[in-house]
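Peer 1: Sharing target21.cif, mmCIF, N, CA and C atoms:
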```cif
data_data
loop_
_atom_site.label_atom_id
_atom_site.label_comp_id
_atom_site.auth_asym_id
_atom_site.auth_seq_id
_atom_site.Cartn_x
_atom_site.Cartn_y
_atom_site.Cartn_z
N MET A 10 -9.44 16.96 -6.10
CA MET A 10 -8.36 16.11 -6.53
C MET A 10 -8.37 16.05 -8.06
N ALA A 11 -7.21 16.25 -8.68
CA ALA A 11 -7.09 16.19 -10.14
C ALA A 11 -7.27 14.76 -10.63
N PRO A 12 -7.62 14.58 -11.92
CA PRO A 12 -7.89 13.24 -12.43
C PRO A 12 -6.73 12.25 -12.27
N ASP A 13 -5.50 12.74 -12.30
CA ASP A 13 -4.36 11.83 -12.18
C ASP A 13 -3.86 11.71 -10.73
N GLU A 14 -4.65 12.17 -9.79
CA GLU A 14 -4.30 12.03 -8.38
C GLU A 14 -5.18 10.96 -7.75
N ILE A 15 -4.57 10.20 -6.84
CA ILE A 15 -5.33 9.15 -6.15
C ILE A 15 -5.03 9.20 -4.66
N ASP A 16 -5.88 8.54 -3.91
CA ASP A 16 -5.62 8.33 -2.49
C ASP A 16 -4.83 7.04 -2.38
N VAL A 17 -3.75 7.08 -1.60
CA VAL A 17 -2.91 5.90 -1.38
C VAL A 17 -3.02 5.53 0.09
N LEU A 18 -3.32 4.26 0.35
CA LEU A 18 -3.37 3.77 1.73
C LEU A 18 -2.09 3.01 2.02
N LEU A 19 -1.32 3.50 2.98
CA LEU A 19 -0.11 2.82 3.45
C LEU A 19 -0.47 2.07 4.73
N VAL A 20 -0.27 0.75 4.72
CA VAL A 20 -0.52 -0.07 5.90
C VAL A 20 0.84 -0.49 6.42
N GLU A 21 1.29 0.20 7.46
CA GLU A 21 2.67 0.05 7.94
C GLU A 21 2.75 0.36 9.43
N ASP A 22 3.36 -0.53 10.20
CA ASP A 22 3.47 -0.30 11.64
C ASP A 22 4.82 0.28 12.05
N ASP A 23 5.79 0.32 11.16
CA ASP A 23 7.11 0.85 11.49
C ASP A 23 7.13 2.36 11.21
N GLU A 24 7.24 3.14 12.29
CA GLU A 24 7.20 4.60 12.17
C GLU A 24 8.29 5.14 11.24
N GLY A 25 9.45 4.50 11.25
CA GLY A 25 10.55 4.93 10.37
C GLY A 25 10.18 4.78 8.91
N ASP A 26 9.54 3.66 8.57
CA ASP A 26 9.12 3.43 7.18
C ASP A 26 7.98 4.37 6.78
N VAL A 27 7.10 4.67 7.73
CA VAL A 27 6.02 5.64 7.46
C VAL A 27 6.65 7.00 7.15
N LEU A 28 7.60 7.41 7.97
CA LEU A 28 8.27 8.69 7.77
C LEU A 28 8.99 8.74 6.42
N MET A 29 9.70 7.65 6.08
CA MET A 29 10.40 7.61 4.79
C MET A 29 9.42 7.68 3.62
N THR A 30 8.28 7.02 3.76
CA THR A 30 7.29 7.05 2.68
C THR A 30 6.72 8.46 2.53
N ARG A 31 6.42 9.11 3.67
CA ARG A 31 5.93 10.49 3.62
C ARG A 31 6.97 11.40 2.96
N GLU A 32 8.24 11.20 3.34
CA GLU A 32 9.31 12.02 2.76
C GLU A 32 9.46 11.76 1.27
N ALA A 33 9.27 10.51 0.85
CA ALA A 33 9.34 10.19 -0.58
C ALA A 33 8.24 10.92 -1.34
N PHE A 34 7.03 10.95 -0.77
CA PHE A 34 5.93 11.66 -1.41
C PHE A 34 6.25 13.14 -1.52
N GLU A 35 6.81 13.73 -0.45
CA GLU A 35 7.14 15.15 -0.46
C GLU A 35 8.33 15.43 -1.37
N HIS A 36 9.35 14.57 -1.31
CA HIS A 36 10.58 14.75 -2.09
C HIS A 36 10.29 14.77 -3.59
N HIS A 37 9.42 13.88 -4.02
CA HIS A 37 9.10 13.78 -5.45
C HIS A 37 7.87 14.59 -5.83
N LYS A 38 7.38 15.41 -4.88
CA LYS A 38 6.21 16.26 -5.12
C LYS A 38 5.03 15.43 -5.64
N LEU A 39 4.87 14.24 -5.08
CA LEU A 39 3.76 13.39 -5.48
C LEU A 39 2.48 14.02 -4.96
N ARG A 40 1.54 14.23 -5.85
CA ARG A 40 0.31 14.95 -5.47
C ARG A 40 -0.73 14.04 -4.85
N ASN A 41 -0.46 12.76 -4.84
CA ASN A 41 -1.43 11.83 -4.27
C ASN A 41 -1.50 12.01 -2.76
N THR A 42 -2.67 11.72 -2.21
CA THR A 42 -2.87 11.86 -0.78
C THR A 42 -2.52 10.55 -0.11
N LEU A 43 -1.62 10.60 0.86
CA LEU A 43 -1.20 9.41 1.58
C LEU A 43 -1.97 9.29 2.89
N HIS A 44 -2.62 8.16 3.09
CA HIS A 44 -3.32 7.85 4.33
C HIS A 44 -2.55 6.69 4.97
N VAL A 45 -2.41 6.73 6.29
CA VAL A 45 -1.61 5.71 6.96
C VAL A 45 -2.42 5.06 8.08
N VAL A 46 -2.38 3.73 8.11
CA VAL A 46 -2.90 2.96 9.24
C VAL A 46 -1.79 2.02 9.67
N SER A 47 -1.80 1.64 10.96
CA SER A 47 -0.64 0.92 11.49
C SER A 47 -0.86 -0.56 11.77
N ASP A 48 -2.04 -1.08 11.46
CA ASP A 48 -2.22 -2.53 11.63
C ASP A 48 -3.30 -3.04 10.68
N GLY A 49 -3.41 -4.36 10.60
CA GLY A 49 -4.33 -4.98 9.66
C GLY A 49 -5.80 -4.73 9.96
N VAL A 50 -6.15 -4.67 11.23
CA VAL A 50 -7.54 -4.42 11.61
C VAL A 50 -7.94 -3.01 11.14
N GLU A 51 -7.08 -2.03 11.42
CA GLU A 51 -7.33 -0.65 10.99
C GLU A 51 -7.45 -0.55 9.48
N ALA A 52 -6.60 -1.30 8.77
CA ALA A 52 -6.62 -1.28 7.30
C ALA A 52 -7.99 -1.69 6.78
N LEU A 53 -8.52 -2.77 7.32
CA LEU A 53 -9.82 -3.25 6.86
C LEU A 53 -10.95 -2.31 7.27
N GLU A 54 -10.84 -1.70 8.45
CA GLU A 54 -11.84 -0.70 8.87
C GLU A 54 -11.82 0.49 7.91
N PHE A 55 -10.61 0.94 7.55
CA PHE A 55 -10.47 2.06 6.61
C PHE A 55 -11.12 1.70 5.27
N LEU A 56 -10.78 0.53 4.75
CA LEU A 56 -11.29 0.11 3.44
C LEU A 56 -12.81 -0.11 3.43
N ARG A 57 -13.32 -0.58 4.57
CA ARG A 57 -14.77 -0.83 4.67
C ARG A 57 -15.54 0.35 5.24
N ARG A 58 -14.81 1.42 5.55
CA ARG A 58 -15.38 2.64 6.12
C ARG A 58 -16.15 2.36 7.39
N GLU A 59 -15.49 1.67 8.31
CA GLU A 59 -16.08 1.30 9.60
C GLU A 59 -15.41 2.07 10.73
N GLY A 60 -16.04 2.08 11.88
CA GLY A 60 -15.46 2.71 13.07
C GLY A 60 -15.18 4.17 12.84
N SER A 61 -13.96 4.59 13.11
CA SER A 61 -13.60 6.00 12.95
C SER A 61 -13.28 6.36 11.50
N TYR A 62 -13.48 5.43 10.58
CA TYR A 62 -13.15 5.67 9.17
C TYR A 62 -14.38 5.77 8.26
N THR A 63 -15.51 6.18 8.81
CA THR A 63 -16.73 6.25 8.00
C THR A 63 -16.62 7.22 6.83
N ASP A 64 -15.75 8.22 6.94
CA ASP A 64 -15.57 9.19 5.85
C ASP A 64 -14.30 8.93 5.03
N ALA A 65 -13.70 7.77 5.22
CA ALA A 65 -12.45 7.47 4.51
C ALA A 65 -12.70 7.38 3.00
N PRO A 66 -11.76 7.91 2.21
CA PRO A 66 -11.90 7.78 0.76
C PRO A 66 -11.53 6.36 0.33
N ARG A 67 -12.01 5.96 -0.83
CA ARG A 67 -11.61 4.67 -1.38
C ARG A 67 -10.23 4.87 -2.01
N PRO A 68 -9.22 4.14 -1.55
CA PRO A 68 -7.89 4.35 -2.13
C PRO A 68 -7.79 3.78 -3.54
N GLY A 69 -6.94 4.40 -4.33
CA GLY A 69 -6.66 3.90 -5.67
C GLY A 69 -5.49 2.94 -5.66
N LEU A 70 -4.77 2.89 -4.53
CA LEU A 70 -3.60 2.03 -4.40
C LEU A 70 -3.37 1.75 -2.93
N ILE A 71 -2.99 0.51 -2.62
CA ILE A 71 -2.66 0.12 -1.25
C ILE A 71 -1.22 -0.35 -1.21
N LEU A 72 -0.43 0.22 -0.30
CA LEU A 72 0.94 -0.25 -0.03
C LEU A 72 0.86 -1.02 1.28
N LEU A 73 1.10 -2.32 1.23
CA LEU A 73 0.83 -3.20 2.36
C LEU A 73 2.08 -3.91 2.87
N ASP A 74 2.38 -3.69 4.15
CA ASP A 74 3.45 -4.45 4.80
C ASP A 74 2.87 -5.81 5.18
N LEU A 75 3.71 -6.83 5.23
CA LEU A 75 3.21 -8.16 5.61
C LEU A 75 3.19 -8.38 7.11
N ASN A 76 4.19 -7.89 7.80
CA ASN A 76 4.33 -8.16 9.23
C ASN A 76 3.67 -7.04 10.04
N LEU A 77 2.40 -7.26 10.35
CA LEU A 77 1.60 -6.24 11.03
C LEU A 77 1.03 -6.78 12.32
N PRO A 78 0.79 -5.90 13.30
CA PRO A 78 0.11 -6.34 14.53
C PRO A 78 -1.39 -6.52 14.29
N ARG A 79 -2.01 -7.23 15.18
CA ARG A 79 -3.47 -7.48 15.22
C ARG A 79 -3.98 -8.33 14.06
N LYS A 80 -3.65 -8.00 12.85
CA LYS A 80 -4.02 -8.84 11.70
C LYS A 80 -2.88 -8.74 10.69
N ASP A 81 -2.31 -9.89 10.39
CA ASP A 81 -1.16 -9.99 9.49
C ASP A 81 -1.49 -9.47 8.09
N GLY A 82 -0.49 -8.95 7.40
CA GLY A 82 -0.68 -8.43 6.06
C GLY A 82 -1.19 -9.47 5.07
N ARG A 83 -0.80 -10.73 5.26
CA ARG A 83 -1.26 -11.79 4.37
C ARG A 83 -2.78 -11.98 4.52
N GLN A 84 -3.25 -11.90 5.77
CA GLN A 84 -4.69 -12.01 6.03
C GLN A 84 -5.44 -10.83 5.44
N VAL A 85 -4.84 -9.64 5.57
CA VAL A 85 -5.46 -8.43 5.02
C VAL A 85 -5.56 -8.57 3.50
N LEU A 86 -4.48 -9.00 2.86
CA LEU A 86 -4.47 -9.18 1.41
C LEU A 86 -5.55 -10.18 0.98
N GLU A 87 -5.64 -11.28 1.71
CA GLU A 87 -6.64 -12.30 1.40
C GLU A 87 -8.07 -11.74 1.51
N GLU A 88 -8.32 -10.95 2.56
CA GLU A 88 -9.66 -10.36 2.74
C GLU A 88 -9.97 -9.33 1.65
N ILE A 89 -8.97 -8.52 1.28
CA ILE A 89 -9.18 -7.51 0.23
C ILE A 89 -9.54 -8.20 -1.08
N LYS A 90 -8.75 -9.20 -1.44
CA LYS A 90 -8.91 -9.83 -2.75
C LYS A 90 -10.11 -10.79 -2.81
N SER A 91 -10.68 -11.13 -1.65
CA SER A 91 -11.87 -11.98 -1.67
C SER A 91 -13.16 -11.15 -1.51
N ASP A 92 -13.00 -9.83 -1.36
CA ASP A 92 -14.14 -8.92 -1.22
C ASP A 92 -14.39 -8.26 -2.58
N GLU A 93 -15.55 -8.55 -3.17
CA GLU A 93 -15.80 -8.04 -4.53
C GLU A 93 -15.83 -6.52 -4.61
N THR A 94 -16.07 -5.83 -3.51
CA THR A 94 -16.07 -4.36 -3.55
C THR A 94 -14.66 -3.78 -3.41
N LEU A 95 -13.70 -4.59 -2.96
CA LEU A 95 -12.34 -4.10 -2.74
C LEU A 95 -11.31 -4.70 -3.69
N ARG A 96 -11.60 -5.85 -4.27
CA ARG A 96 -10.57 -6.61 -4.99
C ARG A 96 -9.95 -5.89 -6.18
N ALA A 97 -10.63 -4.88 -6.74
CA ALA A 97 -10.07 -4.16 -7.89
C ALA A 97 -8.99 -3.16 -7.49
N ILE A 98 -8.88 -2.86 -6.20
CA ILE A 98 -7.85 -1.91 -5.75
C ILE A 98 -6.49 -2.60 -5.83
N PRO A 99 -5.54 -2.02 -6.57
CA PRO A 99 -4.21 -2.64 -6.65
C PRO A 99 -3.52 -2.64 -5.28
N VAL A 100 -2.91 -3.77 -4.95
CA VAL A 100 -2.18 -3.90 -3.69
C VAL A 100 -0.72 -4.21 -4.01
N VAL A 101 0.16 -3.34 -3.55
CA VAL A 101 1.59 -3.57 -3.67
C VAL A 101 2.09 -3.98 -2.29
N VAL A 102 2.60 -5.21 -2.20
CA VAL A 102 3.20 -5.65 -0.95
C VAL A 102 4.56 -4.98 -0.87
N LEU A 103 4.78 -4.22 0.18
CA LEU A 103 6.02 -3.46 0.39
C LEU A 103 6.54 -3.89 1.75
N THR A 104 7.53 -4.78 1.76
CA THR A 104 7.93 -5.42 3.00
C THR A 104 9.42 -5.69 3.04
N THR A 105 9.93 -5.96 4.22
CA THR A 105 11.35 -6.28 4.35
C THR A 105 11.63 -7.74 3.99
N SER A 106 10.60 -8.57 3.98
CA SER A 106 10.78 -10.00 3.72
C SER A 106 11.18 -10.26 2.27
N GLN A 107 12.24 -11.05 2.11
CA GLN A 107 12.63 -11.49 0.77
C GLN A 107 12.47 -13.00 0.67
N ALA A 108 11.73 -13.58 1.62
CA ALA A 108 11.52 -15.03 1.64
C ALA A 108 10.66 -15.45 0.45
N GLU A 109 11.12 -16.49 -0.24
CA GLU A 109 10.40 -16.99 -1.41
C GLU A 109 8.96 -17.36 -1.06
N GLU A 110 8.75 -17.94 0.13
CA GLU A 110 7.39 -18.34 0.52
C GLU A 110 6.47 -17.13 0.66
N ASP A 111 7.00 -15.99 1.15
CA ASP A 111 6.18 -14.78 1.25
C ASP A 111 5.84 -14.23 -0.13
N ILE A 112 6.82 -14.28 -1.04
CA ILE A 112 6.59 -13.80 -2.40
C ILE A 112 5.52 -14.65 -3.08
N LEU A 113 5.69 -15.97 -3.03
CA LEU A 113 4.73 -16.88 -3.65
C LEU A 113 3.34 -16.73 -3.04
N ARG A 114 3.27 -16.69 -1.71
CA ARG A 114 1.98 -16.58 -1.03
C ARG A 114 1.28 -15.27 -1.41
N SER A 115 2.04 -14.17 -1.48
CA SER A 115 1.46 -12.88 -1.84
C SER A 115 0.86 -12.91 -3.24
N TYR A 116 1.58 -13.50 -4.19
CA TYR A 116 1.04 -13.58 -5.54
C TYR A 116 -0.12 -14.57 -5.61
N ASP A 117 -0.06 -15.64 -4.83
CA ASP A 117 -1.19 -16.59 -4.76
C ASP A 117 -2.45 -15.88 -4.25
N LEU A 118 -2.25 -14.89 -3.38
CA LEU A 118 -3.37 -14.12 -2.83
C LEU A 118 -3.74 -12.93 -3.73
N HIS A 119 -3.14 -12.87 -4.91
CA HIS A 119 -3.44 -11.87 -5.93
C HIS A 119 -2.89 -10.47 -5.65
N ALA A 120 -1.72 -10.40 -5.00
CA ALA A 120 -1.04 -9.11 -4.89
C ALA A 120 -0.71 -8.65 -6.31
N ASN A 121 -0.76 -7.35 -6.54
CA ASN A 121 -0.45 -6.83 -7.87
C ASN A 121 1.05 -6.68 -8.08
N ALA A 122 1.79 -6.55 -6.99
CA ALA A 122 3.25 -6.48 -7.07
C ALA A 122 3.82 -6.78 -5.68
N TYR A 123 5.06 -7.24 -5.67
CA TYR A 123 5.76 -7.54 -4.42
C TYR A 123 7.09 -6.81 -4.49
N VAL A 124 7.32 -5.91 -3.54
CA VAL A 124 8.54 -5.11 -3.53
C VAL A 124 9.22 -5.26 -2.17
N ALA A 125 10.47 -5.67 -2.20
CA ALA A 125 11.26 -5.74 -0.96
C ALA A 125 11.78 -4.35 -0.64
N LYS A 126 11.55 -3.90 0.59
CA LYS A 126 12.00 -2.57 1.01
C LYS A 126 13.52 -2.55 1.06
N PRO A 127 14.13 -1.60 0.38
CA PRO A 127 15.58 -1.45 0.52
C PRO A 127 15.91 -0.75 1.84
N VAL A 128 17.07 -1.02 2.39
CA VAL A 128 17.47 -0.36 3.63
C VAL A 128 18.04 1.03 3.37
N ASP A 129 18.54 1.24 2.16
CA ASP A 129 19.11 2.52 1.79
C ASP A 129 18.01 3.56 1.56
N PHE A 130 18.11 4.71 2.23
CA PHE A 130 17.08 5.74 2.18
C PHE A 130 16.83 6.24 0.75
N GLU A 131 17.89 6.57 0.02
CA GLU A 131 17.74 7.09 -1.34
C GLU A 131 17.07 6.06 -2.24
N ARG A 132 17.43 4.81 -2.08
CA ARG A 132 16.83 3.73 -2.90
C ARG A 132 15.35 3.57 -2.53
N PHE A 133 15.04 3.66 -1.23
CA PHE A 133 13.65 3.55 -0.78
C PHE A 133 12.81 4.65 -1.41
N ILE A 134 13.30 5.87 -1.37
CA ILE A 134 12.59 7.02 -1.94
C ILE A 134 12.37 6.80 -3.44
N ASP A 135 13.40 6.29 -4.12
CA ASP A 135 13.29 6.04 -5.56
C ASP A 135 12.24 4.97 -5.85
N ILE A 136 12.19 3.94 -5.04
CA ILE A 136 11.21 2.86 -5.25
C ILE A 136 9.79 3.38 -5.05
N ILE A 137 9.58 4.19 -4.03
CA ILE A 137 8.24 4.77 -3.80
C ILE A 137 7.84 5.60 -5.02
N ARG A 138 8.77 6.39 -5.54
CA ARG A 138 8.49 7.20 -6.73
C ARG A 138 8.12 6.31 -7.92
N GLN A 139 8.87 5.22 -8.10
CA GLN A 139 8.60 4.31 -9.22
C GLN A 139 7.24 3.63 -9.09
N ILE A 140 6.90 3.20 -7.87
CA ILE A 140 5.59 2.59 -7.64
C ILE A 140 4.49 3.60 -7.98
N ASP A 141 4.65 4.81 -7.45
CA ASP A 141 3.66 5.86 -7.69
C ASP A 141 3.56 6.16 -9.18
N ASP A 142 4.69 6.31 -9.83
CA ASP A 142 4.72 6.63 -11.25
C ASP A 142 4.02 5.54 -12.06
N PHE A 143 4.32 4.29 -11.77
CA PHE A 143 3.74 3.18 -12.51
C PHE A 143 2.23 3.07 -12.30
N PHE A 144 1.80 3.06 -11.04
CA PHE A 144 0.38 2.83 -10.76
C PHE A 144 -0.49 4.06 -10.98
N VAL A 145 0.10 5.24 -11.03
CA VAL A 145 -0.70 6.45 -11.22
C VAL A 145 -0.60 6.96 -12.66
N SER A 146 0.60 6.92 -13.24
CA SER A 146 0.80 7.49 -14.57
C SER A 146 0.72 6.47 -15.69
N VAL A 147 1.15 5.25 -15.45
CA VAL A 147 1.25 4.26 -16.52
C VAL A 147 0.00 3.38 -16.59
N VAL A 148 -0.36 2.80 -15.45
CA VAL A 148 -1.48 1.85 -15.40
C VAL A 148 -2.81 2.57 -15.38
N LYS A 149 -3.79 2.01 -16.06
CA LYS A 149 -5.15 2.54 -15.99
C LYS A 149 -5.88 1.82 -14.86
N LEU A 150 -6.33 2.59 -13.89
CA LEU A 150 -7.03 2.03 -12.72
C LEU A 150 -8.52 2.29 -12.83
N PRO A 151 -9.33 1.38 -12.28
CA PRO A 151 -10.77 1.65 -12.27
C PRO A 151 -11.08 2.81 -11.33
N ARG A 152 -12.06 3.60 -11.68
CA ARG A 152 -12.44 4.74 -10.82
C ARG A 152 -13.33 4.28 -9.70
#
```
Show me the file's structure as C-alpha coordinates.
Peer 2:
Amino acid sequence: MAPDEIDVLLVEDDEGDVLMTREAFEHHKLRNTLHVVSDGVEALEFLRREGSYTDAPRPGLILLDLNLPRKDGRQVLEEIKSDETLRAIPVVVLTTSQAEEDILRSYDLHANAYVAKPVDFERFIDIIRQIDDFFVSVVKLPR
(Lines of atoms letter the chains of each structure in order from A and count residues from 1; the text may use other names and numbers.)
(Lines give C-alpha, C1' and ligand atoms only; values in the text may rest on other atoms or scores of the structure.)
Protein backbone atom coordinates (compact mmCIF):
# COMPACT_ATOMS: atom_id res chain seq x y z
CA MET A 1 0.00 0.00 0.00
CA ALA A 2 1.37 3.44 -0.97
CA PRO A 3 1.90 6.05 1.78
CA ASP A 4 -1.21 8.00 0.77
CA GLU A 5 -3.43 4.92 0.72
CA ILE A 6 -5.44 3.79 3.72
CA ASP A 7 -7.83 1.05 4.69
CA VAL A 8 -11.39 2.34 5.03
CA LEU A 9 -13.95 0.48 7.12
CA LEU A 10 -17.55 0.96 5.97
CA VAL A 11 -20.09 -0.06 8.61
CA GLU A 12 -23.34 -0.27 6.66
CA ASP A 13 -26.24 -2.72 6.60
CA ASP A 14 -27.98 -1.38 3.47
CA GLU A 15 -26.70 -3.34 0.46
CA GLY A 16 -27.65 -0.50 -1.89
CA ASP A 17 -25.51 1.98 0.04
CA VAL A 18 -22.63 -0.52 0.17
CA LEU A 19 -22.86 -0.92 -3.60
CA MET A 20 -22.96 2.86 -4.16
CA THR A 21 -19.92 3.33 -1.90
CA ARG A 22 -18.00 0.63 -3.78
CA GLU A 23 -18.98 2.27 -7.07
CA ALA A 24 -17.84 5.66 -5.77
CA PHE A 25 -14.44 4.19 -4.90
CA GLU A 26 -14.17 2.63 -8.38
CA HIS A 27 -15.62 5.67 -10.21
CA HIS A 28 -13.10 8.05 -8.66
CA LYS A 29 -10.26 5.50 -8.88
CA LEU A 30 -9.78 5.78 -5.12
CA ARG A 31 -6.82 3.58 -4.28
CA ASN A 32 -7.86 3.03 -0.70
CA THR A 33 -9.00 -0.43 0.28
CA LEU A 34 -12.65 -0.60 1.31
CA HIS A 35 -13.64 -3.17 3.95
CA VAL A 36 -17.33 -3.65 4.71
CA VAL A 37 -19.14 -5.00 7.77
CA SER A 38 -22.91 -4.97 8.11
CA ASP A 39 -23.57 -4.47 11.82
CA GLY A 40 -22.16 -2.91 14.97
CA VAL A 41 -20.97 -6.16 16.53
CA GLU A 42 -18.99 -7.03 13.39
CA ALA A 43 -17.53 -3.51 13.32
CA LEU A 44 -16.10 -3.86 16.81
CA GLU A 45 -14.81 -7.38 16.07
CA PHE A 46 -13.06 -6.02 12.96
CA LEU A 47 -11.53 -3.11 14.89
CA ARG A 48 -10.44 -5.32 17.79
CA ARG A 49 -9.30 -8.10 15.45
CA GLU A 50 -11.55 -10.69 17.08
CA GLY A 51 -13.38 -13.72 15.72
CA SER A 52 -12.99 -14.06 11.97
CA TYR A 53 -11.17 -10.70 11.81
CA THR A 54 -7.86 -11.64 13.48
CA ASP A 55 -5.96 -10.52 10.35
CA ALA A 56 -7.98 -7.35 9.78
CA PRO A 57 -5.95 -4.22 9.06
CA ARG A 58 -6.31 -1.17 11.27
CA PRO A 59 -8.43 1.26 9.24
CA GLY A 60 -7.31 4.83 8.73
CA LEU A 61 -10.93 5.94 8.40
CA ILE A 62 -14.32 4.60 9.47
CA LEU A 63 -17.57 5.42 7.64
CA LEU A 64 -20.31 4.61 10.14
CA ASP A 65 -24.05 4.34 9.65
CA LEU A 66 -26.11 5.03 12.78
CA ASN A 67 -29.01 2.64 12.24
CA LEU A 68 -27.42 -0.79 12.43
CA PRO A 69 -28.59 -4.23 13.55
CA ARG A 70 -27.22 -5.98 16.64
CA LYS A 71 -25.39 -2.90 17.93
CA ASP A 72 -26.45 0.62 17.02
CA GLY A 73 -23.98 2.99 15.36
CA ARG A 74 -24.15 5.37 18.32
CA GLN A 75 -23.02 2.55 20.64
CA VAL A 76 -20.25 1.62 18.21
CA LEU A 77 -19.08 5.25 18.07
CA GLU A 78 -19.11 5.48 21.86
CA GLU A 79 -17.05 2.27 22.20
CA ILE A 80 -14.53 3.38 19.55
CA LYS A 81 -13.99 6.79 21.11
CA SER A 82 -13.71 5.40 24.65
CA ASP A 83 -11.09 2.82 23.61
CA GLU A 84 -7.61 4.36 23.79
CA THR A 85 -6.31 2.02 21.07
CA LEU A 86 -9.10 2.99 18.63
CA ARG A 87 -10.07 6.57 19.47
CA ALA A 88 -7.52 8.17 17.11
CA ILE A 89 -9.19 6.60 14.06
CA PRO A 90 -11.37 9.27 12.40
CA VAL A 91 -15.05 8.33 12.29
CA VAL A 92 -17.36 9.92 9.75
CA VAL A 93 -21.01 9.28 10.53
CA LEU A 94 -22.63 8.66 7.14
CA THR A 95 -26.34 8.21 7.64
CA THR A 96 -29.78 9.04 6.31
CA SER A 97 -30.77 10.72 9.58
CA GLN A 98 -30.89 14.50 9.53
CA ALA A 99 -32.34 14.67 13.05
CA GLU A 100 -30.70 17.36 15.17
CA GLU A 101 -30.53 14.97 18.14
CA ASP A 102 -28.51 12.44 16.07
CA ILE A 103 -26.14 15.17 14.90
CA LEU A 104 -25.61 16.51 18.43
CA ARG A 105 -25.25 13.03 19.96
CA SER A 106 -22.70 12.00 17.30
CA TYR A 107 -20.54 15.05 17.97
CA ASP A 108 -20.96 14.56 21.74
CA LEU A 109 -19.54 11.07 21.17
CA HIS A 110 -16.59 12.63 19.30
CA ALA A 111 -17.50 11.83 15.69
CA ASN A 112 -15.03 13.60 13.41
CA ALA A 113 -17.75 14.52 10.92
CA TYR A 114 -21.47 13.97 10.35
CA VAL A 115 -22.68 13.59 6.77
CA ALA A 116 -26.28 13.03 5.73
CA LYS A 117 -26.47 10.57 2.83
CA PRO A 118 -27.98 12.17 -0.24
CA VAL A 119 -30.57 10.12 -2.13
CA ASP A 120 -29.20 11.23 -5.49
CA PHE A 121 -26.60 8.74 -6.80
CA GLU A 122 -24.30 11.33 -8.41
CA ARG A 123 -24.34 13.46 -5.26
CA PHE A 124 -23.62 10.38 -3.11
CA ILE A 125 -20.62 9.48 -5.26
CA ASP A 126 -19.36 13.06 -5.05
CA ILE A 127 -19.67 13.10 -1.26
CA ILE A 128 -17.72 9.84 -0.91
CA ARG A 129 -14.99 11.34 -3.11
CA GLN A 130 -14.91 14.51 -0.98
CA ILE A 131 -14.71 12.54 2.28
CA ASP A 132 -11.90 10.42 0.84
CA ASP A 133 -10.10 13.45 -0.55
CA PHE A 134 -10.31 15.35 2.74
CA PHE A 135 -9.34 12.54 5.11
CA VAL A 136 -6.67 11.01 2.87
CA SER A 137 -5.15 13.97 1.01
CA VAL A 138 -5.78 16.99 3.23
CA VAL A 139 -5.80 15.78 6.84
CA LYS A 140 -2.74 14.30 8.49
CA LEU A 141 -3.71 11.02 10.15
CA PRO A 142 -1.73 9.09 12.74
CA ARG A 143 -0.07 5.96 11.35
Peer 1: Exactly which residues make up the result of the PyMOL selection byres (((chain A and resi 41 and name CA) around 6) and name CA) on this file, given as a PyMOL selection string?
Peer 2: chain A and resi 14-16+39-40+42
Peer 1: Evaluate the PyMOL selection byres ((chain A and resi 82-97) around 7) on the structure here and hand back the selected residues as a list of chain:residue names.
Peer 2: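 Those residues are A:Gly49, A:Leu53, A:Leu73, A:Asp74, A:Leu75, A:Asn76, A:Leu77, A:Pro78, A:Lys80, A:Asp81, A:Ile98, A:Pro99, A:Val100, A:Ser115, A:Leu118, A:His119, A:Pro151.
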Peer 1: Between A:Ala108, A:Val101, A:Val20, A:Val147, which one has atoms that come closest to Glu51 of chain A, using only N, CA and C atoms?
Peer 2: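 With only N, CA and C atoms as the atom set, the closest residue is A:Val20.
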Peer 1: For segment 18-24 of chain A, take all atoms listed in the file, fit an axis-aligned box around them, add 6 Å to each of the six sides, then output centre and edge lengths in Å rounded to one decimal, as AutoDock Vina command-line options.
Peer 2:
```
--center_x 2.5 --center_y 2.3 --center_z 6.3 --size_x 23.7 --size_y 17.7 --size_z 23.9
```
Peer 1: Which residues are near Val46 of chain A? Cut-off 6.5 Å, all atoms listed in the file, ignore same chain within fewer than 3 positions. Put them as a ChimeraX atom specification.
Peer 2: /A:18-22,51-52
Peer 1: Which residue is closest to Ile140 of chain A? Choose from A:Arg57, A:Leu70, A:Pro127, A:Tyr116 and count only C-alpha atoms.
Peer 2: A:Leu70
Peer 1: For a quick check of understanding, using only C-alpha atoms, which of A:Val45, A:Ala33, A:Ile71, A:Val50 has the smallest distance to Ile136 of chain A?
Peer 2: A:Ala33
Peer 1: Interatomic distance between atom CA of Gly25 of chain A and atom CA of Val124 of chain A?
Peer 2: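 Straight-line distance from atom CA of Gly25 of chain A to atom CA of Val124 of chain A works out to 17.3 Å.
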